[in-house]
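Here's the structure, in structure tokens; my notes come after.
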Amino acid sequence: MLDTVNNLLVNTRIPALDAVQMSDLLHYLFSASEKTLRIQVAEVVYRNDHDHPNALDIFLACTLPLAEKAASRKARRLFIHPSDWQVELMYDGAVKAMLAMFQCNYPVRPGTNAFRRYVLRSLALGTLRSYFMREENDSVRATADVATVSCRKRPFRNKVEEDVITRQLLSQVVNFPHLRTPLIETLQCISALGPDGALKEQAYPNLKRDRGRRPILDPDAIAEAMGTTRAAVHRNLREARLILRDVFNADGKLFLTR
């Protein structure tokens with residue numbers, strides 16, 4: 001194995017190996033090699049032989065042991081007695097970071113230290129990102145006095161439930177029977193176009209309120225699909241909004257809870 005690894009490092013290419021030899025190399029890199037050697041091999045594969053069929057296998061065999069140690073070390077720093085679940089979650093984030101690093105294949109400055117810093121930084125960010133992006137771990141902060149911590153949390157948002165409610169509400173709106181025929185046709189046209197065809201990016205958003213651009217209805221696309229004018233679409237939408245708002249959101253609380 002040492003001869004094979006030395007061959008890889010000297011020639012900066014993955015040597016020609018059969019399936020058994022490749023399996024032995026991966027096992028050696030994963031379980032027996034030192035940290036410095038793992039980073040050197042991972043760098044050669046990342047920089048010089050990224051398109052080789054076994055490049056990702058070798059890269060992960062070198063970096064996953066580093067991910068395991070990074071997750072364990074980070075968990076011990078953040079928690080007095082980290083649970084297995086916490087360590088596993090951080091390890092999962094570190095593994096995802098290594099996969100993303102290899103797949104993105106960003107150019108790295110020359111020199112072993114640059115690549116080493118890139119790997120270690122990606123591992124550190126991956127462990128934290130995976131843990132603190134979860135709903136139950138969001139906004140976790142250290143404090144000297146636990147009594148001063150507020151127990152109030154943001155309401156849990158079930159994305160699947162929200163999608164189902166949105167689809168049901170859209171179906172009720174589009175098929176609402178107490179509208180004039182032009183209004184129903186306009187709503188059904190919007191539904192048929194879908195978000196890709198019926199929406200456009202807001203040209204002049206309220207940055208303080210919207211924090212950037214947000215999608216709005218595109219009257220030109222809707223008018224073209226219906227074979228009518230932009231003014232007619234605006235007139236139909238205005239009348240439909242007044243009726244639908246009174247029926248579905250009379251108290252103004254619909255979009256505060258859904």
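Each chain in the structure tokens gets a letter, A, B, ..., in the order shown, and its residues are numbered from 1; ligands are numbered from 1 in order too.
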Non-local contacts of range 6-20 of chain A (9 Å; only C-alpha atoms; under 4 positions in same chain excluded) as a PyMOL selection string:
chain A and resi 1-2+24-25+40-41+44-45+47-49+52+54-55
Output all heavy atoms of each residue in that selection to a file, as a short mmCIF file (atom, residue, chain, number, x, y, z; two decimals), in the first residue's frame.
```cif
data_model
loop_
_atom_site.label_atom_id
_atom_site.label_comp_id
_atom_site.auth_asym_id
_atom_site.auth_seq_id
_atom_site.Cartn_x
_atom_site.Cartn_y
_atom_site.Cartn_z
N MET A 1 0.81 -1.21 0.00
CA MET A 1 0.00 0.00 0.00
C MET A 1 0.85 1.26 0.00
O MET A 1 0.52 2.25 -0.65
CB MET A 1 -0.94 -0.01 1.21
CG MET A 1 -2.11 -0.95 1.07
SD MET A 1 -3.19 -0.56 -0.32
CE MET A 1 -2.63 -1.75 -1.54
N LEU A 2 1.97 1.24 0.73
CA LEU A 2 2.83 2.41 0.74
C LEU A 2 3.40 2.70 -0.65
O LEU A 2 3.50 3.85 -1.06
CB LEU A 2 3.96 2.21 1.75
CG LEU A 2 3.55 2.30 3.23
CD1 LEU A 2 4.73 1.98 4.12
CD2 LEU A 2 2.98 3.67 3.56
N ASP A 24 -8.33 -2.46 -1.45
CA ASP A 24 -7.29 -2.46 -0.43
C ASP A 24 -6.76 -1.05 -0.18
O ASP A 24 -6.51 -0.66 0.97
CB ASP A 24 -6.14 -3.37 -0.84
CG ASP A 24 -6.54 -4.84 -0.85
OD1 ASP A 24 -7.55 -5.17 -0.19
OD2 ASP A 24 -5.87 -5.63 -1.53
N LEU A 25 -6.60 -0.27 -1.26
CA LEU A 25 -6.13 1.10 -1.12
C LEU A 25 -7.12 1.94 -0.33
O LEU A 25 -6.74 2.70 0.57
CB LEU A 25 -5.88 1.71 -2.50
CG LEU A 25 -5.50 3.20 -2.51
CD1 LEU A 25 -4.19 3.42 -1.77
CD2 LEU A 25 -5.40 3.72 -3.95
N GLN A 40 -2.71 14.80 1.84
CA GLN A 40 -1.88 14.84 0.63
C GLN A 40 -2.53 14.06 -0.51
O GLN A 40 -2.58 14.54 -1.65
CB GLN A 40 -0.50 14.25 0.93
CG GLN A 40 0.36 15.13 1.82
CD GLN A 40 1.67 14.45 2.20
OE1 GLN A 40 1.84 13.24 2.02
NE2 GLN A 40 2.61 15.24 2.71
N VAL A 41 -3.04 12.87 -0.21
CA VAL A 41 -3.69 12.06 -1.24
C VAL A 41 -4.97 12.75 -1.72
O VAL A 41 -5.26 12.81 -2.93
CB VAL A 41 -3.99 10.65 -0.71
CG1 VAL A 41 -4.83 9.86 -1.71
CG2 VAL A 41 -2.70 9.91 -0.40
N VAL A 44 -4.09 15.53 -4.15
CA VAL A 44 -3.70 15.07 -5.49
C VAL A 44 -4.93 14.69 -6.30
O VAL A 44 -5.08 15.06 -7.47
CB VAL A 44 -2.74 13.88 -5.37
CG1 VAL A 44 -2.55 13.20 -6.74
CG2 VAL A 44 -1.39 14.33 -4.83
N VAL A 45 -5.84 13.95 -5.67
CA VAL A 45 -7.05 13.53 -6.36
C VAL A 45 -7.91 14.73 -6.74
O VAL A 45 -8.43 14.83 -7.85
CB VAL A 45 -7.84 12.55 -5.47
CG1 VAL A 45 -9.21 12.24 -6.09
CG2 VAL A 45 -7.06 11.26 -5.28
N ARG A 47 -7.01 17.97 -7.10
CA ARG A 47 -6.41 18.91 -8.04
C ARG A 47 -6.14 18.31 -9.42
O ARG A 47 -6.40 18.95 -10.45
CB ARG A 47 -5.08 19.42 -7.48
CG ARG A 47 -5.17 20.35 -6.29
CD ARG A 47 -3.78 20.84 -5.94
NE ARG A 47 -3.73 21.65 -4.73
CZ ARG A 47 -3.92 22.96 -4.71
NH1 ARG A 47 -4.20 23.61 -5.82
NH2 ARG A 47 -3.84 23.64 -3.57
N ASN A 48 -5.64 17.07 -9.46
CA ASN A 48 -5.03 16.55 -10.69
C ASN A 48 -5.77 15.39 -11.35
O ASN A 48 -5.53 15.11 -12.52
CB ASN A 48 -3.59 16.09 -10.40
CG ASN A 48 -2.73 17.19 -9.80
OD1 ASN A 48 -2.69 18.29 -10.32
ND2 ASN A 48 -2.06 16.89 -8.70
N ASP A 49 -6.64 14.70 -10.61
CA ASP A 49 -7.30 13.52 -11.21
C ASP A 49 -8.77 13.48 -10.80
O ASP A 49 -9.30 12.43 -10.45
CB ASP A 49 -6.58 12.24 -10.76
CG ASP A 49 -6.56 11.19 -11.87
OD1 ASP A 49 -7.17 11.44 -12.93
OD2 ASP A 49 -5.93 10.13 -11.69
N HIS A 52 -11.32 10.95 -12.55
CA HIS A 52 -11.08 9.50 -12.50
C HIS A 52 -12.30 8.80 -11.91
O HIS A 52 -12.94 9.33 -10.98
CB HIS A 52 -9.83 9.21 -11.67
CG HIS A 52 -9.37 7.80 -11.75
ND1 HIS A 52 -9.94 6.76 -11.03
CD2 HIS A 52 -8.37 7.23 -12.49
CE1 HIS A 52 -9.31 5.64 -11.31
NE2 HIS A 52 -8.35 5.90 -12.18
N ASN A 54 -12.61 6.50 -9.81
CA ASN A 54 -12.48 6.22 -8.37
C ASN A 54 -12.03 7.44 -7.58
O ASN A 54 -11.68 7.31 -6.40
CB ASN A 54 -11.47 5.09 -8.15
CG ASN A 54 -11.92 3.79 -8.78
OD1 ASN A 54 -11.32 3.32 -9.76
ND2 ASN A 54 -12.97 3.21 -8.25
N ALA A 55 -12.04 8.61 -8.19
CA ALA A 55 -11.55 9.81 -7.50
C ALA A 55 -12.39 10.13 -6.27
O ALA A 55 -11.85 10.41 -5.19
CB ALA A 55 -11.54 10.99 -8.47
#
```
Using only C-alpha atoms, determine which residues lie at most 8 Å from range 69-73 of chain A, disregarding the query and same-chain residues fewer than 4 positions distant; provide the list as a VMD selection string.
chain A and resid 65 77 87 to 88 90 to 91 94 123 to 124 127
Keeping only all heavy atoms, write the selected residues as a compact mmCIF listing (two decimals), in the first residue's frame.
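And here's result_3.txt as it stands now:
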```txt
# COMPACT_ATOMS: atom_id res chain seq x y z
N PRO A 65 -12.61 10.01 7.70
CA PRO A 65 -12.04 9.93 9.06
C PRO A 65 -11.80 11.31 9.66
O PRO A 65 -11.98 11.51 10.87
CB PRO A 65 -10.72 9.18 8.84
CG PRO A 65 -10.94 8.39 7.60
CD PRO A 65 -11.80 9.25 6.73
N ARG A 77 -16.58 20.51 22.33
CA ARG A 77 -16.37 21.92 22.62
C ARG A 77 -17.68 22.65 22.91
O ARG A 77 -17.73 23.55 23.75
CB ARG A 77 -15.67 22.60 21.45
CG ARG A 77 -14.20 22.20 21.30
CD ARG A 77 -13.57 22.92 20.14
NE ARG A 77 -12.16 22.56 19.97
CZ ARG A 77 -11.38 23.05 19.00
NH1 ARG A 77 -11.87 23.90 18.11
NH2 ARG A 77 -10.12 22.68 18.92
N VAL A 87 -23.46 14.18 18.07
CA VAL A 87 -22.24 13.87 17.33
C VAL A 87 -22.57 13.36 15.94
O VAL A 87 -21.94 13.73 14.95
CB VAL A 87 -21.41 12.82 18.10
CG1 VAL A 87 -20.18 12.41 17.29
CG2 VAL A 87 -20.98 13.37 19.45
N GLU A 88 -23.60 12.51 15.83
CA GLU A 88 -23.98 11.96 14.54
C GLU A 88 -24.48 13.05 13.60
O GLU A 88 -24.18 13.04 12.40
CB GLU A 88 -25.07 10.90 14.73
CG GLU A 88 -25.52 10.20 13.46
CD GLU A 88 -24.43 9.35 12.84
OE1 GLU A 88 -23.52 8.94 13.58
OE2 GLU A 88 -24.49 9.09 11.63
N MET A 90 -23.63 16.22 13.62
CA MET A 90 -22.48 17.01 13.17
C MET A 90 -21.62 16.24 12.18
O MET A 90 -21.08 16.81 11.23
CB MET A 90 -21.65 17.45 14.38
CG MET A 90 -22.36 18.47 15.25
SD MET A 90 -21.31 19.16 16.54
CE MET A 90 -22.38 20.46 17.16
N TYR A 91 -21.51 14.93 12.39
CA TYR A 91 -20.76 14.11 11.44
C TYR A 91 -21.46 14.10 10.08
O TYR A 91 -20.81 14.17 9.03
CB TYR A 91 -20.63 12.69 11.98
CG TYR A 91 -20.00 11.71 11.01
CD1 TYR A 91 -18.67 11.83 10.63
CD2 TYR A 91 -20.76 10.67 10.47
CE1 TYR A 91 -18.09 10.93 9.74
CE2 TYR A 91 -20.19 9.78 9.58
CZ TYR A 91 -18.86 9.91 9.22
OH TYR A 91 -18.31 9.03 8.33
N ALA A 94 -20.59 17.24 8.32
CA ALA A 94 -19.21 17.23 7.82
C ALA A 94 -19.09 16.39 6.56
O ALA A 94 -18.39 16.75 5.61
CB ALA A 94 -18.28 16.69 8.91
N LEU A 123 -14.95 21.35 6.90
CA LEU A 123 -15.41 20.43 7.93
C LEU A 123 -16.01 21.20 9.11
O LEU A 123 -17.08 20.83 9.63
CB LEU A 123 -14.25 19.56 8.41
CG LEU A 123 -13.75 18.50 7.44
CD1 LEU A 123 -12.48 17.85 7.97
CD2 LEU A 123 -14.81 17.45 7.19
N ALA A 124 -15.33 22.27 9.54
CA ALA A 124 -15.83 23.03 10.69
C ALA A 124 -17.18 23.67 10.39
O ALA A 124 -18.10 23.62 11.21
CB ALA A 124 -14.80 24.11 11.06
N THR A 127 -20.07 20.90 10.17
CA THR A 127 -20.59 20.38 11.44
C THR A 127 -21.58 21.35 12.08
O THR A 127 -22.62 20.93 12.59
CB THR A 127 -19.42 20.13 12.41
OG1 THR A 127 -18.67 21.34 12.59
CG2 THR A 127 -18.50 19.05 11.90
```
Fewer than 4 positions away in the same chain doesn't count, so skip those; otherwise give me all residues within 8 Å of Gln86 in chain A, counting only C-alpha atoms, as a PyMOL selection string.
chain A and resi 75+82+90+131
Take the residues from that selection and write them out as a PDB file, in the first residue's frame, keeping C-alpha atoms.
```pdb
ATOM      1  CA  ALA A  75     -19.391  18.413  19.878  1.00  0.00           C
ATOM      2  CA  PRO A  82     -22.588  15.513  23.889  1.00  0.00           C
ATOM      3  CA  MET A  90     -22.479  17.012  13.170  1.00  0.00           C
ATOM      4  CA  TYR A 131     -26.735  21.095  13.530  1.00  0.00           C
TER       5      TYR A 131
END
```
For range 220-222 of chain A, work out the shell of residues within 9 Å, counting only C-alpha atoms and skipping chain neighbours fewer than 5 positions away, then give it as a short mmCIF file (atom, residue, chain, number, x, y, z; two decimals) with all heavy atoms, in the first residue's frame.
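The file below, result-v9.cif, is the result:
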```cif
data_model
loop_
_atom_site.label_atom_id
_atom_site.label_comp_id
_atom_site.auth_asym_id
_atom_site.auth_seq_id
_atom_site.Cartn_x
_atom_site.Cartn_y
_atom_site.Cartn_z
N THR A 186 -60.20 34.11 -15.73
CA THR A 186 -58.89 34.69 -15.40
C THR A 186 -58.19 33.87 -14.34
O THR A 186 -56.99 33.56 -14.46
CB THR A 186 -59.06 36.14 -14.90
OG1 THR A 186 -59.73 36.91 -15.90
CG2 THR A 186 -57.72 36.77 -14.59
N CYS A 189 -57.04 30.57 -15.76
CA CYS A 189 -55.88 30.77 -16.64
C CYS A 189 -54.60 30.89 -15.81
O CYS A 189 -53.57 30.31 -16.16
CB CYS A 189 -56.07 32.03 -17.48
SG CYS A 189 -54.67 32.40 -18.56
N ILE A 190 -54.66 31.62 -14.69
CA ILE A 190 -53.50 31.74 -13.81
C ILE A 190 -53.09 30.38 -13.26
O ILE A 190 -51.91 30.03 -13.21
CB ILE A 190 -53.81 32.72 -12.67
CG1 ILE A 190 -54.02 34.13 -13.22
CG2 ILE A 190 -52.70 32.72 -11.62
CD1 ILE A 190 -54.50 35.13 -12.19
N LEU A 193 -51.42 28.33 -16.04
CA LEU A 193 -50.07 28.78 -16.36
C LEU A 193 -49.07 28.33 -15.30
O LEU A 193 -47.90 28.05 -15.62
CB LEU A 193 -50.04 30.31 -16.48
CG LEU A 193 -50.70 30.91 -17.71
CD1 LEU A 193 -50.72 32.43 -17.61
CD2 LEU A 193 -49.98 30.47 -18.99
N GLY A 197 -45.29 30.47 -15.40
CA GLY A 197 -45.86 31.26 -16.48
C GLY A 197 -46.64 32.47 -16.03
O GLY A 197 -46.75 33.46 -16.76
N ALA A 198 -47.22 32.42 -14.82
CA ALA A 198 -48.12 33.49 -14.38
C ALA A 198 -47.45 34.51 -13.47
O ALA A 198 -48.05 35.54 -13.17
CB ALA A 198 -49.32 32.89 -13.65
N LEU A 199 -46.22 34.25 -13.02
CA LEU A 199 -45.55 35.15 -12.10
C LEU A 199 -44.33 35.78 -12.74
O LEU A 199 -43.74 35.24 -13.67
CB LEU A 199 -45.12 34.40 -10.82
CG LEU A 199 -46.23 33.78 -9.98
CD1 LEU A 199 -45.63 33.05 -8.79
CD2 LEU A 199 -47.24 34.82 -9.53
N GLY A 227 -55.85 35.86 -24.55
CA GLY A 227 -56.22 36.57 -25.77
C GLY A 227 -56.99 37.83 -25.49
O GLY A 227 -57.91 38.19 -26.25
N THR A 228 -56.63 38.54 -24.42
CA THR A 228 -57.32 39.77 -24.06
C THR A 228 -56.29 40.86 -23.79
O THR A 228 -55.12 40.71 -24.12
CB THR A 228 -58.23 39.55 -22.82
OG1 THR A 228 -58.98 40.73 -22.58
CG2 THR A 228 -57.42 39.17 -21.61
N THR A 229 -56.72 41.93 -23.17
CA THR A 229 -55.81 43.06 -22.93
C THR A 229 -55.32 43.06 -21.49
O THR A 229 -55.94 42.46 -20.59
CB THR A 229 -56.51 44.39 -23.22
OG1 THR A 229 -57.61 44.55 -22.31
CG2 THR A 229 -57.02 44.40 -24.66
N ARG A 230 -54.23 43.77 -21.27
CA ARG A 230 -53.68 43.93 -19.93
C ARG A 230 -54.67 44.64 -19.00
O ARG A 230 -54.83 44.26 -17.84
CB ARG A 230 -52.37 44.72 -20.02
CG ARG A 230 -51.72 45.08 -18.70
CD ARG A 230 -50.60 46.07 -18.93
NE ARG A 230 -50.00 46.49 -17.68
CZ ARG A 230 -48.90 45.97 -17.15
NH1 ARG A 230 -48.28 44.99 -17.78
NH2 ARG A 230 -48.41 46.42 -16.02
N VAL A 233 -57.31 42.26 -17.75
CA VAL A 233 -56.79 41.38 -16.70
C VAL A 233 -56.74 42.11 -15.37
O VAL A 233 -57.16 41.57 -14.33
CB VAL A 233 -55.39 40.85 -17.10
CG1 VAL A 233 -54.75 40.11 -15.92
CG2 VAL A 233 -55.49 39.94 -18.30
#
```
Just the strand (DSSP E or B) stuff from range 20-256 of chain A, please, per backbone DSSP, written as a ChimeraX atom specification.
/A:199-201,215-217
Keeping all heavy atoms, export the residues of the selection given above as a PDB file, in the first residue's frame.
```pdb
ATOM      1  N   LEU A 199     -46.218  34.246 -13.020  1.00  0.00           N
ATOM      2  CA  LEU A 199     -45.551  35.148 -12.098  1.00  0.00           C
ATOM      3  C   LEU A 199     -44.330  35.784 -12.740  1.00  0.00           C
ATOM      4  O   LEU A 199     -43.739  35.242 -13.674  1.00  0.00           O
ATOM      5  CB  LEU A 199     -45.121  34.401 -10.825  1.00  0.00           C
ATOM      6  CG  LEU A 199     -46.232  33.777  -9.977  1.00  0.00           C
ATOM      7  CD1 LEU A 199     -45.635  33.055  -8.787  1.00  0.00           C
ATOM      8  CD2 LEU A 199     -47.241  34.822  -9.531  1.00  0.00           C
ATOM      9  N   LYS A 200     -43.949  36.937 -12.208  1.00  0.00           N
ATOM     10  CA  LYS A 200     -42.722  37.605 -12.617  1.00  0.00           C
ATOM     11  C   LYS A 200     -42.087  38.221 -11.383  1.00  0.00           C
ATOM     12  O   LYS A 200     -42.725  38.337 -10.319  1.00  0.00           O
ATOM     13  CB  LYS A 200     -42.999  38.690 -13.659  1.00  0.00           C
ATOM     14  CG  LYS A 200     -43.813  39.866 -13.121  1.00  0.00           C
ATOM     15  CD  LYS A 200     -43.954  40.955 -14.177  1.00  0.00           C
ATOM     16  CE  LYS A 200     -44.726  42.156 -13.617  1.00  0.00           C
ATOM     17  NZ  LYS A 200     -44.858  43.249 -14.608  1.00  0.00           N
ATOM     18  N   GLU A 201     -40.834  38.620 -11.506  1.00  0.00           N
ATOM     19  CA  GLU A 201     -40.140  39.236 -10.388  1.00  0.00           C
ATOM     20  C   GLU A 201     -40.550  40.689 -10.246  1.00  0.00           C
ATOM     21  O   GLU A 201     -40.659  41.409 -11.241  1.00  0.00           O
ATOM     22  CB  GLU A 201     -38.624  39.137 -10.603  1.00  0.00           C
ATOM     23  CG  GLU A 201     -37.807  39.469  -9.369  1.00  0.00           C
ATOM     24  CD  GLU A 201     -36.326  39.273  -9.605  1.00  0.00           C
ATOM     25  OE1 GLU A 201     -35.768  40.074 -10.379  1.00  0.00           O
ATOM     26  OE2 GLU A 201     -35.739  38.333  -9.043  1.00  0.00           O
ATOM     27  N   PRO A 215     -41.981  37.501  -6.140  1.00  0.00           N
ATOM     28  CA  PRO A 215     -42.781  37.288  -7.348  1.00  0.00           C
ATOM     29  C   PRO A 215     -44.165  37.917  -7.233  1.00  0.00           C
ATOM     30  O   PRO A 215     -44.772  37.930  -6.163  1.00  0.00           O
ATOM     31  CB  PRO A 215     -42.874  35.759  -7.430  1.00  0.00           C
ATOM     32  CG  PRO A 215     -42.703  35.290  -6.030  1.00  0.00           C
ATOM     33  CD  PRO A 215     -41.765  36.263  -5.377  1.00  0.00           C
ATOM     34  N   ILE A 216     -44.671  38.442  -8.344  1.00  0.00           N
ATOM     35  CA  ILE A 216     -46.024  38.987  -8.429  1.00  0.00           C
ATOM     36  C   ILE A 216     -46.646  38.479  -9.724  1.00  0.00           C
ATOM     37  O   ILE A 216     -45.954  37.932 -10.591  1.00  0.00           O
ATOM     38  CB  ILE A 216     -46.018  40.522  -8.415  1.00  0.00           C
ATOM     39  CG1 ILE A 216     -45.202  41.064  -9.585  1.00  0.00           C
ATOM     40  CG2 ILE A 216     -45.482  41.053  -7.097  1.00  0.00           C
ATOM     41  CD1 ILE A 216     -45.254  42.577  -9.718  1.00  0.00           C
ATOM     42  N   LEU A 217     -47.949  38.658  -9.856  1.00  0.00           N
ATOM     43  CA  LEU A 217     -48.634  38.226 -11.070  1.00  0.00           C
ATOM     44  C   LEU A 217     -48.154  39.036 -12.273  1.00  0.00           C
ATOM     45  O   LEU A 217     -47.909  40.241 -12.175  1.00  0.00           O
ATOM     46  CB  LEU A 217     -50.144  38.394 -10.903  1.00  0.00           C
ATOM     47  CG  LEU A 217     -50.842  37.406  -9.965  1.00  0.00           C
ATOM     48  CD1 LEU A 217     -52.299  37.784  -9.784  1.00  0.00           C
ATOM     49  CD2 LEU A 217     -50.724  35.974 -10.492  1.00  0.00           C
TER      50      LEU A 217
END
```
Might you pull out every residue within 12 Å of Gln103 in chain A, with only C-alpha atoms counted and same-chain residues fewer than 3 positions away left off, and present them as a ChimeraX atom specification?
/A:46,50-51,55-56,59-60,96-100,106-107
Could you write out the selected residues, including all heavy atoms, as a compact mmCIF listing (two decimals), in the first residue's frame?
```txt
# COMPACT_ATOMS: atom_id res chain seq x y z
N TYR A 46 -8.05 15.69 -5.81
CA TYR A 46 -8.89 16.86 -6.03
C TYR A 46 -8.32 17.76 -7.13
O TYR A 46 -9.06 18.24 -7.99
CB TYR A 46 -9.00 17.64 -4.72
CG TYR A 46 -9.90 18.85 -4.78
CD1 TYR A 46 -11.26 18.75 -4.50
CD2 TYR A 46 -9.39 20.11 -5.12
CE1 TYR A 46 -12.08 19.86 -4.55
CE2 TYR A 46 -10.21 21.22 -5.18
CZ TYR A 46 -11.56 21.10 -4.89
OH TYR A 46 -12.37 22.20 -4.95
N HIS A 50 -9.41 14.64 -10.88
CA HIS A 50 -10.78 14.77 -10.38
C HIS A 50 -11.78 13.94 -11.17
O HIS A 50 -12.81 13.52 -10.62
CB HIS A 50 -11.19 16.25 -10.43
CG HIS A 50 -12.44 16.56 -9.68
ND1 HIS A 50 -13.69 16.42 -10.22
CD2 HIS A 50 -12.64 16.99 -8.40
CE1 HIS A 50 -14.61 16.75 -9.34
NE2 HIS A 50 -14.00 17.12 -8.22
N ASP A 51 -11.52 13.68 -12.44
CA ASP A 51 -12.47 12.97 -13.30
C ASP A 51 -12.26 11.47 -13.32
O ASP A 51 -12.95 10.76 -14.06
CB ASP A 51 -12.38 13.52 -14.73
CG ASP A 51 -12.80 14.99 -14.80
OD1 ASP A 51 -13.66 15.38 -13.99
OD2 ASP A 51 -12.27 15.71 -15.66
N ALA A 55 -12.04 8.61 -8.19
CA ALA A 55 -11.55 9.81 -7.50
C ALA A 55 -12.39 10.13 -6.27
O ALA A 55 -11.85 10.41 -5.19
CB ALA A 55 -11.54 10.99 -8.47
N LEU A 56 -13.71 10.08 -6.40
CA LEU A 56 -14.56 10.41 -5.25
C LEU A 56 -14.38 9.38 -4.13
O LEU A 56 -14.35 9.75 -2.95
CB LEU A 56 -16.02 10.45 -5.69
CG LEU A 56 -17.05 10.74 -4.58
CD1 LEU A 56 -16.75 12.07 -3.90
CD2 LEU A 56 -18.47 10.72 -5.13
N PHE A 59 -11.15 10.22 -2.40
CA PHE A 59 -11.30 11.48 -1.68
C PHE A 59 -12.08 11.28 -0.38
O PHE A 59 -11.68 11.78 0.68
CB PHE A 59 -12.01 12.50 -2.57
CG PHE A 59 -12.16 13.85 -1.95
CD1 PHE A 59 -11.12 14.77 -1.98
CD2 PHE A 59 -13.34 14.22 -1.33
CE1 PHE A 59 -11.26 16.03 -1.40
CE2 PHE A 59 -13.49 15.46 -0.74
CZ PHE A 59 -12.44 16.37 -0.78
N LEU A 60 -13.16 10.52 -0.43
CA LEU A 60 -13.95 10.28 0.78
C LEU A 60 -13.23 9.36 1.75
O LEU A 60 -13.35 9.53 2.97
CB LEU A 60 -15.31 9.68 0.39
CG LEU A 60 -16.26 10.61 -0.36
CD1 LEU A 60 -17.56 9.89 -0.69
CD2 LEU A 60 -16.54 11.88 0.44
N LYS A 96 -21.51 15.80 4.36
CA LYS A 96 -22.14 16.58 3.29
C LYS A 96 -21.20 17.68 2.79
O LYS A 96 -21.18 17.99 1.60
CB LYS A 96 -23.46 17.18 3.78
CG LYS A 96 -24.56 16.15 4.01
CD LYS A 96 -25.82 16.83 4.52
CE LYS A 96 -26.93 15.82 4.75
NZ LYS A 96 -28.16 16.45 5.29
N ALA A 97 -20.45 18.28 3.70
CA ALA A 97 -19.52 19.33 3.31
C ALA A 97 -18.42 18.77 2.41
O ALA A 97 -18.01 19.42 1.44
CB ALA A 97 -18.91 19.97 4.55
N MET A 98 -17.94 17.57 2.71
CA MET A 98 -16.91 16.96 1.87
C MET A 98 -17.46 16.60 0.48
O MET A 98 -16.78 16.77 -0.53
CB MET A 98 -16.34 15.71 2.56
CG MET A 98 -15.52 16.02 3.81
SD MET A 98 -14.03 17.01 3.47
CE MET A 98 -14.61 18.68 3.78
N LEU A 99 -18.68 16.09 0.44
CA LEU A 99 -19.29 15.78 -0.85
C LEU A 99 -19.48 17.05 -1.68
O LEU A 99 -19.20 17.08 -2.89
CB LEU A 99 -20.63 15.09 -0.64
CG LEU A 99 -20.59 13.64 -0.15
CD1 LEU A 99 -21.98 13.17 0.25
CD2 LEU A 99 -20.04 12.73 -1.26
N ALA A 100 -19.96 18.11 -1.03
CA ALA A 100 -20.17 19.37 -1.74
C ALA A 100 -18.84 19.96 -2.21
O ALA A 100 -18.75 20.49 -3.32
CB ALA A 100 -20.89 20.37 -0.83
N TYR A 106 -14.09 23.78 -6.63
CA TYR A 106 -13.58 25.14 -6.75
C TYR A 106 -12.06 25.12 -6.84
O TYR A 106 -11.40 24.30 -6.19
CB TYR A 106 -14.00 25.98 -5.55
CG TYR A 106 -15.47 26.27 -5.49
CD1 TYR A 106 -16.21 26.01 -4.34
CD2 TYR A 106 -16.14 26.81 -6.59
CE1 TYR A 106 -17.57 26.28 -4.29
CE2 TYR A 106 -17.49 27.07 -6.55
CZ TYR A 106 -18.20 26.81 -5.39
OH TYR A 106 -19.54 27.07 -5.35
N PRO A 107 -11.45 26.01 -7.61
CA PRO A 107 -9.99 26.06 -7.68
C PRO A 107 -9.38 26.48 -6.35
O PRO A 107 -9.91 27.37 -5.67
CB PRO A 107 -9.72 27.10 -8.78
CG PRO A 107 -10.97 27.93 -8.83
CD PRO A 107 -12.10 27.01 -8.48
```
Using only C-alpha atoms, the shortest atom-to-atom distance to Val247 in chain A among A:Ala231, A:Pro219, A:Asp196, A:Leu169 belongs to A:Leu169
Contacts of Thr36 in chain A at 10 Å (only C-alpha atoms; same-chain gap of 6+ positions) as an MDAnalysis selection string
chainID A and resid 42 62 116
Shortest interatomic distance to Gly126 in chain A - which of A:Arg109, A:His178, A:Arg238, A:Lys74, counting only C-alpha atoms
A:Lys74
